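What follows is the content of target.txt (compact mmCIF, N, CA and C atoms).
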```
# COMPACT_ATOMS: atom_id res chain seq x y z
N MET A 17 35.88 28.36 26.03
CA MET A 17 35.24 27.18 25.52
C MET A 17 35.12 26.15 26.64
N LYS A 18 33.96 25.58 26.79
CA LYS A 18 33.72 24.58 27.81
C LYS A 18 34.29 23.24 27.39
N SER A 19 34.94 22.56 28.31
CA SER A 19 35.50 21.24 28.00
C SER A 19 34.43 20.16 28.19
N LYS A 20 34.68 19.02 27.55
CA LYS A 20 33.78 17.87 27.66
C LYS A 20 34.56 16.67 28.15
N ARG A 21 33.91 15.88 29.02
CA ARG A 21 34.58 14.69 29.54
C ARG A 21 34.80 13.67 28.43
N PHE A 22 35.99 13.14 28.37
CA PHE A 22 36.33 12.12 27.39
C PHE A 22 36.29 10.74 28.05
N ILE A 23 36.80 10.62 29.28
CA ILE A 23 36.81 9.34 29.98
C ILE A 23 36.87 9.59 31.48
N VAL A 24 36.26 8.69 32.24
CA VAL A 24 36.38 8.67 33.69
C VAL A 24 36.81 7.25 34.06
N GLU A 25 37.91 7.15 34.79
CA GLU A 25 38.39 5.85 35.24
C GLU A 25 38.48 5.85 36.76
N ILE A 26 38.24 4.69 37.35
CA ILE A 26 38.27 4.51 38.80
C ILE A 26 39.40 3.55 39.14
N GLY A 27 40.12 3.84 40.21
CA GLY A 27 41.20 2.96 40.64
C GLY A 27 41.24 2.83 42.14
N THR A 28 41.94 1.81 42.60
CA THR A 28 42.13 1.56 44.02
C THR A 28 43.60 1.30 44.30
N GLY A 29 44.09 1.83 45.38
CA GLY A 29 45.47 1.60 45.79
C GLY A 29 45.54 1.39 47.28
N ALA A 30 46.55 0.63 47.70
CA ALA A 30 46.71 0.35 49.12
C ALA A 30 48.18 0.46 49.51
N ASP A 31 48.40 0.82 50.77
CA ASP A 31 49.72 0.69 51.37
C ASP A 31 49.57 -0.37 52.44
N LEU A 32 50.20 -1.49 52.22
CA LEU A 32 50.00 -2.66 53.09
C LEU A 32 50.75 -2.59 54.41
N HIS A 33 51.85 -1.84 54.44
CA HIS A 33 52.66 -1.89 55.66
C HIS A 33 53.06 -0.53 56.22
N GLY A 34 52.89 0.55 55.49
CA GLY A 34 53.39 1.84 55.97
C GLY A 34 52.33 2.84 56.39
N GLU A 35 51.06 2.52 56.13
CA GLU A 35 49.95 3.43 56.44
C GLU A 35 50.13 4.80 55.77
N ASP A 36 50.74 4.80 54.58
CA ASP A 36 51.04 6.04 53.85
C ASP A 36 49.91 6.32 52.85
N VAL A 37 49.08 7.31 53.16
CA VAL A 37 47.94 7.61 52.30
C VAL A 37 48.38 8.18 50.95
N THR A 38 49.49 8.89 50.90
CA THR A 38 49.97 9.41 49.61
C THR A 38 50.40 8.26 48.71
N LYS A 39 51.13 7.30 49.27
CA LYS A 39 51.56 6.15 48.48
C LYS A 39 50.34 5.38 47.96
N ALA A 40 49.34 5.19 48.81
CA ALA A 40 48.12 4.49 48.39
C ALA A 40 47.37 5.30 47.34
N ALA A 41 47.33 6.62 47.48
CA ALA A 41 46.64 7.48 46.50
C ALA A 41 47.34 7.42 45.15
N CYS A 42 48.66 7.45 45.15
CA CYS A 42 49.41 7.36 43.89
C CYS A 42 49.16 6.01 43.22
N ARG A 43 49.10 4.96 44.01
CA ARG A 43 48.81 3.64 43.45
C ARG A 43 47.39 3.58 42.89
N ALA A 44 46.45 4.26 43.52
CA ALA A 44 45.07 4.29 43.03
C ALA A 44 44.99 5.01 41.69
N VAL A 45 45.69 6.12 41.56
CA VAL A 45 45.70 6.86 40.29
C VAL A 45 46.37 6.02 39.21
N LYS A 46 47.48 5.39 39.54
CA LYS A 46 48.17 4.53 38.57
C LYS A 46 47.26 3.39 38.13
N ASP A 47 46.51 2.82 39.08
CA ASP A 47 45.56 1.76 38.76
C ASP A 47 44.51 2.26 37.77
N ALA A 48 43.99 3.45 38.02
CA ALA A 48 42.96 4.00 37.14
C ALA A 48 43.49 4.25 35.73
N ILE A 49 44.64 4.89 35.63
CA ILE A 49 45.13 5.25 34.30
C ILE A 49 45.71 4.06 33.55
N SER A 50 46.04 2.99 34.26
CA SER A 50 46.61 1.82 33.58
C SER A 50 45.54 1.03 32.82
N ARG A 51 44.30 1.36 33.02
CA ARG A 51 43.19 0.66 32.38
C ARG A 51 42.71 1.30 31.09
N SER A 52 43.27 2.43 30.71
CA SER A 52 42.72 3.12 29.55
C SER A 52 43.82 3.52 28.58
N CYS A 53 43.52 3.34 27.31
CA CYS A 53 44.36 3.83 26.23
C CYS A 53 43.59 4.97 25.59
N LEU A 54 44.17 6.13 25.59
CA LEU A 54 43.46 7.32 25.12
C LEU A 54 43.67 7.57 23.63
N CYS A 55 43.72 6.49 22.85
CA CYS A 55 43.95 6.62 21.41
C CYS A 55 42.86 7.45 20.73
N GLY A 56 41.67 7.49 21.29
CA GLY A 56 40.59 8.28 20.71
C GLY A 56 40.89 9.77 20.70
N LEU A 57 41.77 10.22 21.60
CA LEU A 57 42.14 11.63 21.59
C LEU A 57 42.80 12.00 20.27
N VAL A 58 43.63 11.10 19.77
CA VAL A 58 44.35 11.34 18.52
C VAL A 58 43.52 10.89 17.32
N GLU A 59 43.01 9.65 17.37
CA GLU A 59 42.37 9.06 16.20
C GLU A 59 40.97 9.57 15.92
N ILE A 60 40.24 9.95 16.94
CA ILE A 60 38.87 10.44 16.74
C ILE A 60 38.79 11.95 16.88
N CYS A 61 39.42 12.49 17.92
CA CYS A 61 39.33 13.92 18.19
C CYS A 61 40.38 14.72 17.41
N GLY A 62 41.38 14.06 16.86
CA GLY A 62 42.40 14.74 16.07
C GLY A 62 43.36 15.59 16.88
N MET A 63 43.49 15.31 18.16
CA MET A 63 44.39 16.11 19.00
C MET A 63 45.84 15.77 18.68
N ASP A 64 46.68 16.79 18.60
CA ASP A 64 48.11 16.54 18.42
C ASP A 64 48.92 17.00 19.63
N ASP A 65 48.27 17.67 20.56
CA ASP A 65 48.93 18.11 21.78
C ASP A 65 48.18 17.54 22.98
N LEU A 66 48.67 16.44 23.49
CA LEU A 66 47.98 15.79 24.61
C LEU A 66 48.13 16.55 25.91
N GLN A 67 49.04 17.52 25.94
CA GLN A 67 49.15 18.36 27.13
C GLN A 67 47.97 19.32 27.25
N ALA A 68 47.16 19.43 26.20
CA ALA A 68 46.01 20.34 26.21
C ALA A 68 44.80 19.74 26.93
N VAL A 69 44.82 18.44 27.22
CA VAL A 69 43.68 17.85 27.92
C VAL A 69 43.70 18.28 29.38
N GLN A 70 42.54 18.22 30.00
CA GLN A 70 42.40 18.51 31.43
C GLN A 70 42.28 17.18 32.16
N VAL A 71 43.10 16.98 33.17
CA VAL A 71 43.06 15.76 33.98
C VAL A 71 42.68 16.16 35.40
N ASP A 72 41.50 15.75 35.83
CA ASP A 72 41.02 16.04 37.18
C ASP A 72 41.04 14.76 37.99
N ILE A 73 41.72 14.82 39.13
CA ILE A 73 41.90 13.65 39.98
C ILE A 73 41.24 13.90 41.33
N ILE A 74 40.44 12.95 41.77
CA ILE A 74 39.87 12.98 43.12
C ILE A 74 40.33 11.71 43.81
N VAL A 75 40.92 11.84 44.99
CA VAL A 75 41.29 10.67 45.77
C VAL A 75 40.50 10.69 47.07
N ALA A 76 39.98 9.53 47.44
CA ALA A 76 39.19 9.38 48.67
C ALA A 76 40.02 8.56 49.65
N SER A 77 40.39 9.20 50.75
CA SER A 77 41.33 8.63 51.70
C SER A 77 40.78 8.72 53.12
N PRO A 78 41.19 7.78 53.99
CA PRO A 78 40.79 7.88 55.39
C PRO A 78 41.37 9.11 56.09
N ARG A 79 42.49 9.63 55.56
CA ARG A 79 43.11 10.83 56.12
C ARG A 79 43.41 11.81 54.98
N PRO A 80 42.37 12.47 54.46
CA PRO A 80 42.54 13.29 53.26
C PRO A 80 43.52 14.44 53.43
N GLY A 81 43.66 14.97 54.60
CA GLY A 81 44.58 16.07 54.83
C GLY A 81 46.05 15.69 54.73
N GLU A 82 46.35 14.41 54.76
CA GLU A 82 47.74 13.95 54.71
C GLU A 82 48.20 13.60 53.30
N VAL A 83 47.33 13.66 52.31
CA VAL A 83 47.69 13.28 50.95
C VAL A 83 48.49 14.40 50.29
N ASP A 84 49.65 14.08 49.76
CA ASP A 84 50.47 15.05 49.03
C ASP A 84 49.95 15.09 47.59
N LEU A 85 49.17 16.11 47.28
CA LEU A 85 48.51 16.19 45.98
C LEU A 85 49.49 16.44 44.83
N GLU A 86 50.63 17.02 45.09
CA GLU A 86 51.63 17.21 44.04
C GLU A 86 52.17 15.85 43.58
N GLN A 87 52.40 14.95 44.51
CA GLN A 87 52.84 13.60 44.15
C GLN A 87 51.75 12.87 43.38
N VAL A 88 50.51 13.06 43.79
CA VAL A 88 49.38 12.41 43.11
C VAL A 88 49.28 12.91 41.67
N LYS A 89 49.36 14.22 41.47
CA LYS A 89 49.26 14.79 40.12
C LYS A 89 50.41 14.30 39.23
N ALA A 90 51.57 14.09 39.81
CA ALA A 90 52.74 13.67 39.03
C ALA A 90 52.56 12.29 38.40
N ILE A 91 51.63 11.51 38.89
CA ILE A 91 51.39 10.17 38.34
C ILE A 91 50.77 10.27 36.94
N ALA A 92 49.96 11.27 36.70
CA ALA A 92 49.32 11.44 35.39
C ALA A 92 50.38 11.94 34.40
N PRO A 93 50.58 11.23 33.28
CA PRO A 93 51.67 11.58 32.37
C PRO A 93 51.38 12.73 31.41
N ILE A 94 50.12 13.12 31.27
CA ILE A 94 49.78 14.18 30.31
C ILE A 94 48.80 15.16 30.94
N GLY A 95 48.64 16.29 30.29
CA GLY A 95 47.56 17.20 30.60
C GLY A 95 47.83 18.26 31.64
N GLN A 96 46.82 19.14 31.74
CA GLN A 96 46.77 20.16 32.78
C GLN A 96 46.06 19.51 33.96
N LYS A 97 46.73 19.36 35.07
CA LYS A 97 46.24 18.51 36.15
C LYS A 97 45.72 19.29 37.35
N THR A 98 44.65 18.78 37.92
CA THR A 98 44.16 19.24 39.22
C THR A 98 43.96 18.00 40.06
N ALA A 99 44.05 18.18 41.37
CA ALA A 99 43.82 17.06 42.28
C ALA A 99 43.23 17.59 43.56
N ARG A 100 42.33 16.78 44.11
CA ARG A 100 41.79 17.11 45.43
C ARG A 100 41.60 15.82 46.21
N SER A 101 41.61 15.96 47.51
CA SER A 101 41.51 14.82 48.41
C SER A 101 40.26 14.97 49.25
N VAL A 102 39.47 13.91 49.32
CA VAL A 102 38.23 13.91 50.09
C VAL A 102 38.24 12.72 51.05
N ALA A 103 37.34 12.75 52.00
CA ALA A 103 37.24 11.64 52.95
C ALA A 103 36.68 10.41 52.27
N GLY A 104 37.22 9.27 52.59
CA GLY A 104 36.75 8.00 52.03
C GLY A 104 37.77 6.91 52.27
N GLY A 105 37.82 5.95 51.37
CA GLY A 105 38.76 4.85 51.51
C GLY A 105 38.43 3.98 52.69
N MET A 106 39.43 3.27 53.18
CA MET A 106 39.22 2.43 54.34
C MET A 106 40.54 2.09 55.01
N VAL A 107 40.43 1.66 56.24
CA VAL A 107 41.56 1.15 57.00
C VAL A 107 41.15 -0.21 57.52
N VAL A 108 42.01 -1.21 57.32
CA VAL A 108 41.73 -2.55 57.83
C VAL A 108 42.95 -3.07 58.58
N GLU A 109 42.71 -4.03 59.43
CA GLU A 109 43.79 -4.62 60.20
C GLU A 109 44.80 -5.28 59.28
N GLY A 110 46.06 -4.99 59.53
CA GLY A 110 47.13 -5.58 58.75
C GLY A 110 48.11 -6.30 59.66
N LEU A 111 49.37 -6.22 59.29
CA LEU A 111 50.42 -6.87 60.05
C LEU A 111 51.62 -5.95 60.07
N CYS A 112 52.13 -5.66 61.26
CA CYS A 112 53.30 -4.81 61.37
C CYS A 112 54.54 -5.66 61.07
N VAL A 113 55.30 -5.20 60.07
CA VAL A 113 56.58 -5.82 59.72
C VAL A 113 57.64 -4.73 59.87
N PRO A 114 58.36 -4.75 60.98
CA PRO A 114 59.31 -3.66 61.25
C PRO A 114 60.33 -3.43 60.13
N ASP A 115 60.66 -4.46 59.37
CA ASP A 115 61.60 -4.27 58.26
C ASP A 115 61.02 -3.39 57.15
N PHE A 116 59.68 -3.32 57.06
CA PHE A 116 59.03 -2.50 56.04
C PHE A 116 58.71 -1.11 56.56
N ALA A 117 58.19 -1.02 57.77
CA ALA A 117 57.87 0.26 58.41
C ALA A 117 57.58 -0.01 59.89
N PRO A 118 58.06 0.84 60.77
CA PRO A 118 57.84 0.61 62.21
C PRO A 118 56.47 1.09 62.68
N ASN A 119 55.99 0.47 63.72
CA ASN A 119 54.78 0.91 64.43
C ASN A 119 53.56 1.11 63.54
N CYS A 120 53.33 0.18 62.64
CA CYS A 120 52.13 0.28 61.82
C CYS A 120 51.57 -1.12 61.61
N ASP A 121 50.31 -1.26 61.87
CA ASP A 121 49.69 -2.59 61.72
C ASP A 121 48.35 -2.48 61.01
N GLN A 122 48.19 -1.44 60.20
CA GLN A 122 46.96 -1.27 59.45
C GLN A 122 47.26 -1.12 57.97
N ILE A 123 46.32 -1.58 57.16
CA ILE A 123 46.36 -1.40 55.71
C ILE A 123 45.48 -0.21 55.38
N VAL A 124 46.01 0.73 54.62
CA VAL A 124 45.22 1.89 54.23
C VAL A 124 44.88 1.74 52.74
N VAL A 125 43.60 1.98 52.42
CA VAL A 125 43.11 1.85 51.05
C VAL A 125 42.55 3.20 50.60
N VAL A 126 42.90 3.58 49.36
CA VAL A 126 42.46 4.85 48.78
C VAL A 126 41.83 4.57 47.42
N ASN A 127 40.74 5.25 47.13
CA ASN A 127 40.10 5.17 45.82
C ASN A 127 40.39 6.45 45.05
N ALA A 128 40.45 6.31 43.72
CA ALA A 128 40.70 7.48 42.87
C ALA A 128 39.73 7.50 41.71
N ALA A 129 39.31 8.69 41.32
CA ALA A 129 38.57 8.90 40.09
C ALA A 129 39.40 9.87 39.25
N VAL A 130 39.73 9.45 38.04
CA VAL A 130 40.52 10.27 37.13
C VAL A 130 39.65 10.60 35.92
N THR A 131 39.42 11.88 35.70
CA THR A 131 38.60 12.33 34.58
C THR A 131 39.49 13.10 33.59
N VAL A 132 39.43 12.68 32.33
CA VAL A 132 40.15 13.39 31.27
C VAL A 132 39.11 14.11 30.43
N SER A 133 39.27 15.42 30.31
CA SER A 133 38.35 16.25 29.52
C SER A 133 39.12 16.91 28.38
N ILE A 134 38.38 17.19 27.31
CA ILE A 134 38.99 17.83 26.14
C ILE A 134 38.27 19.14 25.84
N PRO A 135 39.02 20.09 25.24
CA PRO A 135 38.40 21.38 24.93
C PRO A 135 37.33 21.25 23.83
```
Would you mind writing the file's structure down as structure tokens?
Amino acid sequence: MKSKRFIVEIGTGADLHGEDVTKAACRAVKDAISRSCLCGLVEICGMDDLQAVQVDIIVASPRPGEVDLEQVKAIAPIGQKTARSVAGGMVVEGLCVPDFAPNCDQIVVVNAAVTVSIP
């Protein structure tokens, strides 16, 4: 049976001091999912097992090969999850604060698209 998209949410996350693309990606996913209440899955679609939904995550990062996709998927609280990392996001001049992380003076920004589909 082919699934149908129920919702697509977009989020943005940044790591201000560590240049950690995984941390920024996780924040982007959290930003996206914090904007939606999926009550329609239960109240309209009649679902009683929210683990049956499909959650597809795409993160766009300046360094896509460095994103730990298992950590990114762990942010989504329900469903059968997939995640992939593509080129995107941005890097801007920041401020190095050695107490937060050494040798980093850039802010890394990651965008996320989270799609929830139902059977």
Determine, using all atoms listed in the file, which residues of stretch 62-127 of chain A have any atom at most 5 Å from an atom of stretch 25-42 of chain A, and tabulate each with its shortest atom pair and distance in Å to one decimal place, rows ordered by chain and then rising number, as CSV.
```
residue,atom,partner,partner_atom,distance
A:Val83,CA,A:Thr38,CA,4.7
A:Asp84,N,A:Thr38,CA,4.7
A:Ile123,CA,A:Leu32,CA,4.7
A:Val124,C,A:Asp31,N,4.1
A:Val125,CA,A:Ala30,CA,4.4
A:Val126,N,A:Gly29,C,4.0
A:Asn127,CA,A:Gly27,C,4.5
```
Can you list, as number ranges by chain, every protein, DNA or RNA residue that comes within 6.5 Å of A:Val102 when you count all atoms listed in the file, leaving out same-chain residues fewer than 4 positions away? A: 74-78, 80
Can you list, as a ChimeraX atom specification, every residue of stretch 22-97 of chain A that DSSP puts in strand (DSSP E)? /A:22-31,70-77,96-97
Just checking: using only C-alpha atoms, which residue out of A:Ser101, A:Ile91, A:Val69, A:Arg51 ends up closest to A:Ile134?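 Once distances to A:Ile134 are computed over only C-alpha atoms, the minimum belongs to A:Val69.
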What separation in Å, quoted to one decimal, exists between atom C of A:Lys89 and atom CA of A:Pro118?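 Here the two named atoms are 27.8 Å from each other.
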Using only C-alpha atoms, find the one residue out of A:Ser133, A:Ala103, A:Val24, A:Pro93 that sits nearest to A:Cys61. A:Ser133
Two-atom distance - atom N of A:Asp121, atom C of A:Val108 (Å): 8.3 Å
Chain A: which residues are alpha helix (DSSP H) by DSSP, as a PyMOL selection string? chain A and resi 37-49+55-59+85-91
Residues within 12 Å of (42.1, 16.5, 30.0), file coords, only C-alpha atoms, listed as an MDAnalysis selection string: chainID A and resid 18:24 54 57 63 65:73 92:98 130:135
Restricting the calculation to only N, CA and C atoms: of A:Ser52, A:Arg79, A:Val113, A:Leu85, which residue gets closest to A:Arg100? A:Leu85
Rounded to one decimal, what separation in Å do you get between atom CA of A:Met106 and atom CA of A:Lys46?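 These two atoms are separated by 18.3 Å.
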Exercise on stretch 66-80 of chain A, axis-aligned box with 5 Å per side, report centre and edge lengths in Å to one decimal, as AutoDock Vina command-line options:
```
--center_x 44.2 --center_y 14.1 --center_z 39.8 --size_x 20.0 --size_y 22.6 --size_z 42.6
```
